[in-house]
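S.K.: Take a look at this one; I'll ask things after.
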Amino acid sequence: MKELNELNLPDDRRYTAEHVWIKADGDSWLVGISDFAQDQLGEIAFVDLPSAGSEFAAGEEFGSVESLKSVNALYMPVAGTVAEANEELESTPTLVNVSAYEQGWMIRINAASPADADALLTAEQYRATLG
């Protein structure tokens, strides 16, 4: 387990209290779980993600991540429609452990109201909730 000061929490994204991050990527947004979440879960064995076209409200469960320790629900950071799920996670779910912010992203969404992301936690605010 990492110490709080060892966690990688990039400033270029926003976070939720449920350990999900969101980052603008062109006209869409990438969504995944934080370094803290993957560290707490341990080795990820399976990721269940929605198909493209699925719509979710902010805070609604959109999938789950299963590790050797537990199964945890994933919650949408903002309302939106899934544009794409990261298919690489089907065969290599440990990408979330190795690269939570780059290769281990989970879904790409078209946000209903992109400004809603601004209301989420900054990296500094998120780190404070973990302490």
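To be explicit about the labels: the chains of the structure tokens are called A, B, and onward in the order shown, and within each one the residues are counted from 1, while ligands get numbers from 1 in the order they are shown.
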So that I can see what lies close to Glu43 of chain A, please list as a PDB file with N, CA, C and O atoms, in the first residue's frame the residues with an atom at most 9 Å from it, counting only C-alpha atoms and leaving out residues fewer than 4 positions away in the same chain.

M.R.:
ATOM      1  N   GLN A  38      -6.875   2.019  -7.272  1.00  0.00           N
ATOM      2  CA  GLN A  38      -6.235   0.793  -7.769  1.00  0.00           C
ATOM      3  C   GLN A  38      -5.277   0.222  -6.727  1.00  0.00           C
ATOM      4  O   GLN A  38      -5.139  -0.979  -6.609  1.00  0.00           O
ATOM      5  N   ASP A  39      -4.631   1.100  -5.948  1.00  0.00           N
ATOM      6  CA  ASP A  39      -3.705   0.652  -4.909  1.00  0.00           C
ATOM      7  C   ASP A  39      -4.462  -0.089  -3.794  1.00  0.00           C
ATOM      8  O   ASP A  39      -4.009  -1.126  -3.314  1.00  0.00           O
ATOM      9  N   GLU A  66     -13.239  -5.609 -10.465  1.00  0.00           N
ATOM     10  CA  GLU A  66     -13.081  -6.745  -9.559  1.00  0.00           C
ATOM     11  C   GLU A  66     -11.595  -7.027  -9.372  1.00  0.00           C
ATOM     12  O   GLU A  66     -10.833  -7.113 -10.333  1.00  0.00           O
ATOM     13  N   SER A  67     -11.215  -7.138  -8.102  1.00  0.00           N
ATOM     14  CA  SER A  67      -9.832  -7.492  -7.790  1.00  0.00           C
ATOM     15  C   SER A  67      -9.854  -8.809  -7.029  1.00  0.00           C
ATOM     16  O   SER A  67     -10.922  -9.379  -6.797  1.00  0.00           O
ATOM     17  N   LEU A  68      -8.699  -9.256  -6.638  1.00  0.00           N
ATOM     18  CA  LEU A  68      -8.637 -10.482  -5.850  1.00  0.00           C
ATOM     19  C   LEU A  68      -9.264 -10.265  -4.476  1.00  0.00           C
ATOM     20  O   LEU A  68      -9.683 -11.210  -3.823  1.00  0.00           O
ATOM     21  N   LYS A  69      -9.375  -8.987  -4.049  1.00  0.00           N
ATOM     22  CA  LYS A  69      -9.919  -8.647  -2.736  1.00  0.00           C
ATOM     23  C   LYS A  69     -11.427  -8.409  -2.730  1.00  0.00           C
ATOM     24  O   LYS A  69     -12.105  -8.757  -1.781  1.00  0.00           O
ATOM     25  N   PRO A  93      -6.855  -6.465 -17.743  1.00  0.00           N
ATOM     26  CA  PRO A  93      -7.401  -5.569 -16.717  1.00  0.00           C
ATOM     27  C   PRO A  93      -6.336  -4.941 -15.821  1.00  0.00           C
ATOM     28  O   PRO A  93      -6.550  -3.875 -15.246  1.00  0.00           O
ATOM     29  N   THR A  94      -5.159  -5.570 -15.736  1.00  0.00           N
ATOM     30  CA  THR A  94      -4.096  -5.025 -14.883  1.00  0.00           C
ATOM     31  C   THR A  94      -3.506  -3.723 -15.432  1.00  0.00           C
ATOM     32  O   THR A  94      -2.719  -3.074 -14.747  1.00  0.00           O
ATOM     33  N   VAL A  96      -5.029  -1.145 -15.458  1.00  0.00           N
ATOM     34  CA  VAL A  96      -5.506  -0.176 -14.467  1.00  0.00           C
ATOM     35  C   VAL A  96      -4.481  -0.035 -13.341  1.00  0.00           C
ATOM     36  O   VAL A  96      -4.220   1.068 -12.869  1.00  0.00           O
ATOM     37  N   ASN A  97      -3.864  -1.141 -12.937  1.00  0.00           N
ATOM     38  CA  ASN A  97      -2.841  -1.092 -11.890  1.00  0.00           C
ATOM     39  C   ASN A  97      -1.555  -0.426 -12.384  1.00  0.00           C
ATOM     40  O   ASN A  97      -0.933   0.350 -11.673  1.00  0.00           O
TER      41      ASN A  97
END

S.K.: Would you kindly return, as a PDB file with N, CA, C and O atoms, in the first residue's frame, each protein, DNA or RNA residue with an atom no farther than 12 Å from any atom of Ala128 of chain A, considering only C-alpha atoms and excluding same-chain residues fewer than 5 positions away?

M.R.:
ATOM      1  N   LEU A   4       0.147   8.290   1.374  1.00  0.00           N
ATOM      2  CA  LEU A   4      -0.554   9.369   0.675  1.00  0.00           C
ATOM      3  C   LEU A   4       0.365  10.219  -0.187  1.00  0.00           C
ATOM      4  O   LEU A   4       0.004  10.603  -1.291  1.00  0.00           O
ATOM      5  N   ASN A   5       1.561  10.498   0.298  1.00  0.00           N
ATOM      6  CA  ASN A   5       2.475  11.344  -0.468  1.00  0.00           C
ATOM      7  C   ASN A   5       3.087  10.620  -1.666  1.00  0.00           C
ATOM      8  O   ASN A   5       3.721  11.239  -2.505  1.00  0.00           O
ATOM      9  N   LEU A   9      -1.504  11.670  -8.342  1.00  0.00           N
ATOM     10  CA  LEU A   9      -2.804  12.321  -8.536  1.00  0.00           C
ATOM     11  C   LEU A   9      -2.605  13.539  -9.450  1.00  0.00           C
ATOM     12  O   LEU A   9      -2.422  14.656  -8.986  1.00  0.00           O
ATOM     13  N   TYR A  15     -11.623  14.762  -9.695  1.00  0.00           N
ATOM     14  CA  TYR A  15     -11.852  13.502  -8.981  1.00  0.00           C
ATOM     15  C   TYR A  15     -13.185  13.528  -8.239  1.00  0.00           C
ATOM     16  O   TYR A  15     -13.699  14.594  -7.920  1.00  0.00           O
ATOM     17  N   ALA A  17     -15.444  11.667  -4.835  1.00  0.00           N
ATOM     18  CA  ALA A  17     -15.247  11.001  -3.547  1.00  0.00           C
ATOM     19  C   ALA A  17     -15.271   9.481  -3.710  1.00  0.00           C
ATOM     20  O   ALA A  17     -14.801   8.750  -2.848  1.00  0.00           O
ATOM     21  N   LEU A 121     -13.733  17.502  -7.463  1.00  0.00           N
ATOM     22  CA  LEU A 121     -12.551  17.781  -6.657  1.00  0.00           C
ATOM     23  C   LEU A 121     -11.287  17.963  -7.493  1.00  0.00           C
ATOM     24  O   LEU A 121     -11.047  17.196  -8.435  1.00  0.00           O
ATOM     25  N   THR A 122     -10.478  18.940  -7.130  1.00  0.00           N
ATOM     26  CA  THR A 122      -9.148  19.068  -7.722  1.00  0.00           C
ATOM     27  C   THR A 122      -8.281  17.978  -7.109  1.00  0.00           C
ATOM     28  O   THR A 122      -8.667  17.348  -6.106  1.00  0.00           O
ATOM     29  N   ALA A 123      -7.101  17.762  -7.656  1.00  0.00           N
ATOM     30  CA  ALA A 123      -6.184  16.760  -7.105  1.00  0.00           C
ATOM     31  C   ALA A 123      -5.875  17.064  -5.644  1.00  0.00           C
ATOM     32  O   ALA A 123      -5.865  16.175  -4.790  1.00  0.00           O
TER      33      ALA A 123
END

S.K.: Write out as a PyMOL selection string which residues come within 12 Å of Pro10 of chain A when counting only C-alpha atoms, dropping same-chain ones fewer than 2 positions away.

M.R.: chain A and resi 7-8+12-15+21-23+34-36+100-102+121-127

S.K.: Between atom CA of Glu55 of chain A and atom CA of Glu90 of chain A, what distance in Å does the model show, to one decimal?

M.R.: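 Pair atom CA of Glu55 of chain A / atom CA of Glu90 of chain A returns 20.7 Å.
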
S.K.: Could you pull out the residues in chain A that DSSP calls strand (DSSP E) from the backbone, as a ChimeraX atom specification?

M.R.: /A:14-15,20-25,28-33,44-48,55-56,61-67,71-75,80-85,107-111

S.K.: Here is a test: counting only C-alpha atoms, which residue of A:Ala112, A:Ala52, A:Ile107, A:Leu95 is nearest to Ala79 of chain A?

M.R.: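 Closest candidate: A:Ala112.
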
S.K.: I want to know what sits within 9 Å of Gly63 of chain A, based on only C-alpha atoms, with residues of the same chain fewer than 5 positions away left out; could you give that as an MDAnalysis selection string?

M.R.: chainID A and resid 47:50 72:75

S.K.: Write out the residues from the selection above, keeping N, CA and C atoms, as a compact mmCIF listing (two decimals), in the first residue's frame.

M.R.:
# COMPACT_ATOMS: atom_id res chain seq x y z
N VAL A 47 -12.78 -6.08 -15.33
CA VAL A 47 -13.46 -4.79 -15.38
C VAL A 47 -14.71 -4.95 -16.22
N ASP A 48 -15.86 -4.59 -15.67
CA ASP A 48 -17.13 -4.68 -16.37
C ASP A 48 -17.54 -3.27 -16.78
N LEU A 49 -17.57 -3.02 -18.09
CA LEU A 49 -17.85 -1.68 -18.60
C LEU A 49 -19.08 -1.68 -19.51
N PRO A 50 -19.76 -0.54 -19.62
CA PRO A 50 -20.95 -0.44 -20.47
C PRO A 50 -20.57 -0.34 -21.94
N ASN A 72 -16.03 -3.76 -6.75
CA ASN A 72 -16.46 -2.40 -6.43
C ASN A 72 -17.17 -1.77 -7.61
N ALA A 73 -18.25 -1.06 -7.30
CA ALA A 73 -19.01 -0.35 -8.33
C ALA A 73 -18.25 0.88 -8.78
N LEU A 74 -18.47 1.26 -10.04
CA LEU A 74 -17.91 2.47 -10.62
C LEU A 74 -19.07 3.46 -10.82
N TYR A 75 -18.87 4.72 -10.42
CA TYR A 75 -19.93 5.71 -10.50
C TYR A 75 -19.55 6.85 -11.42
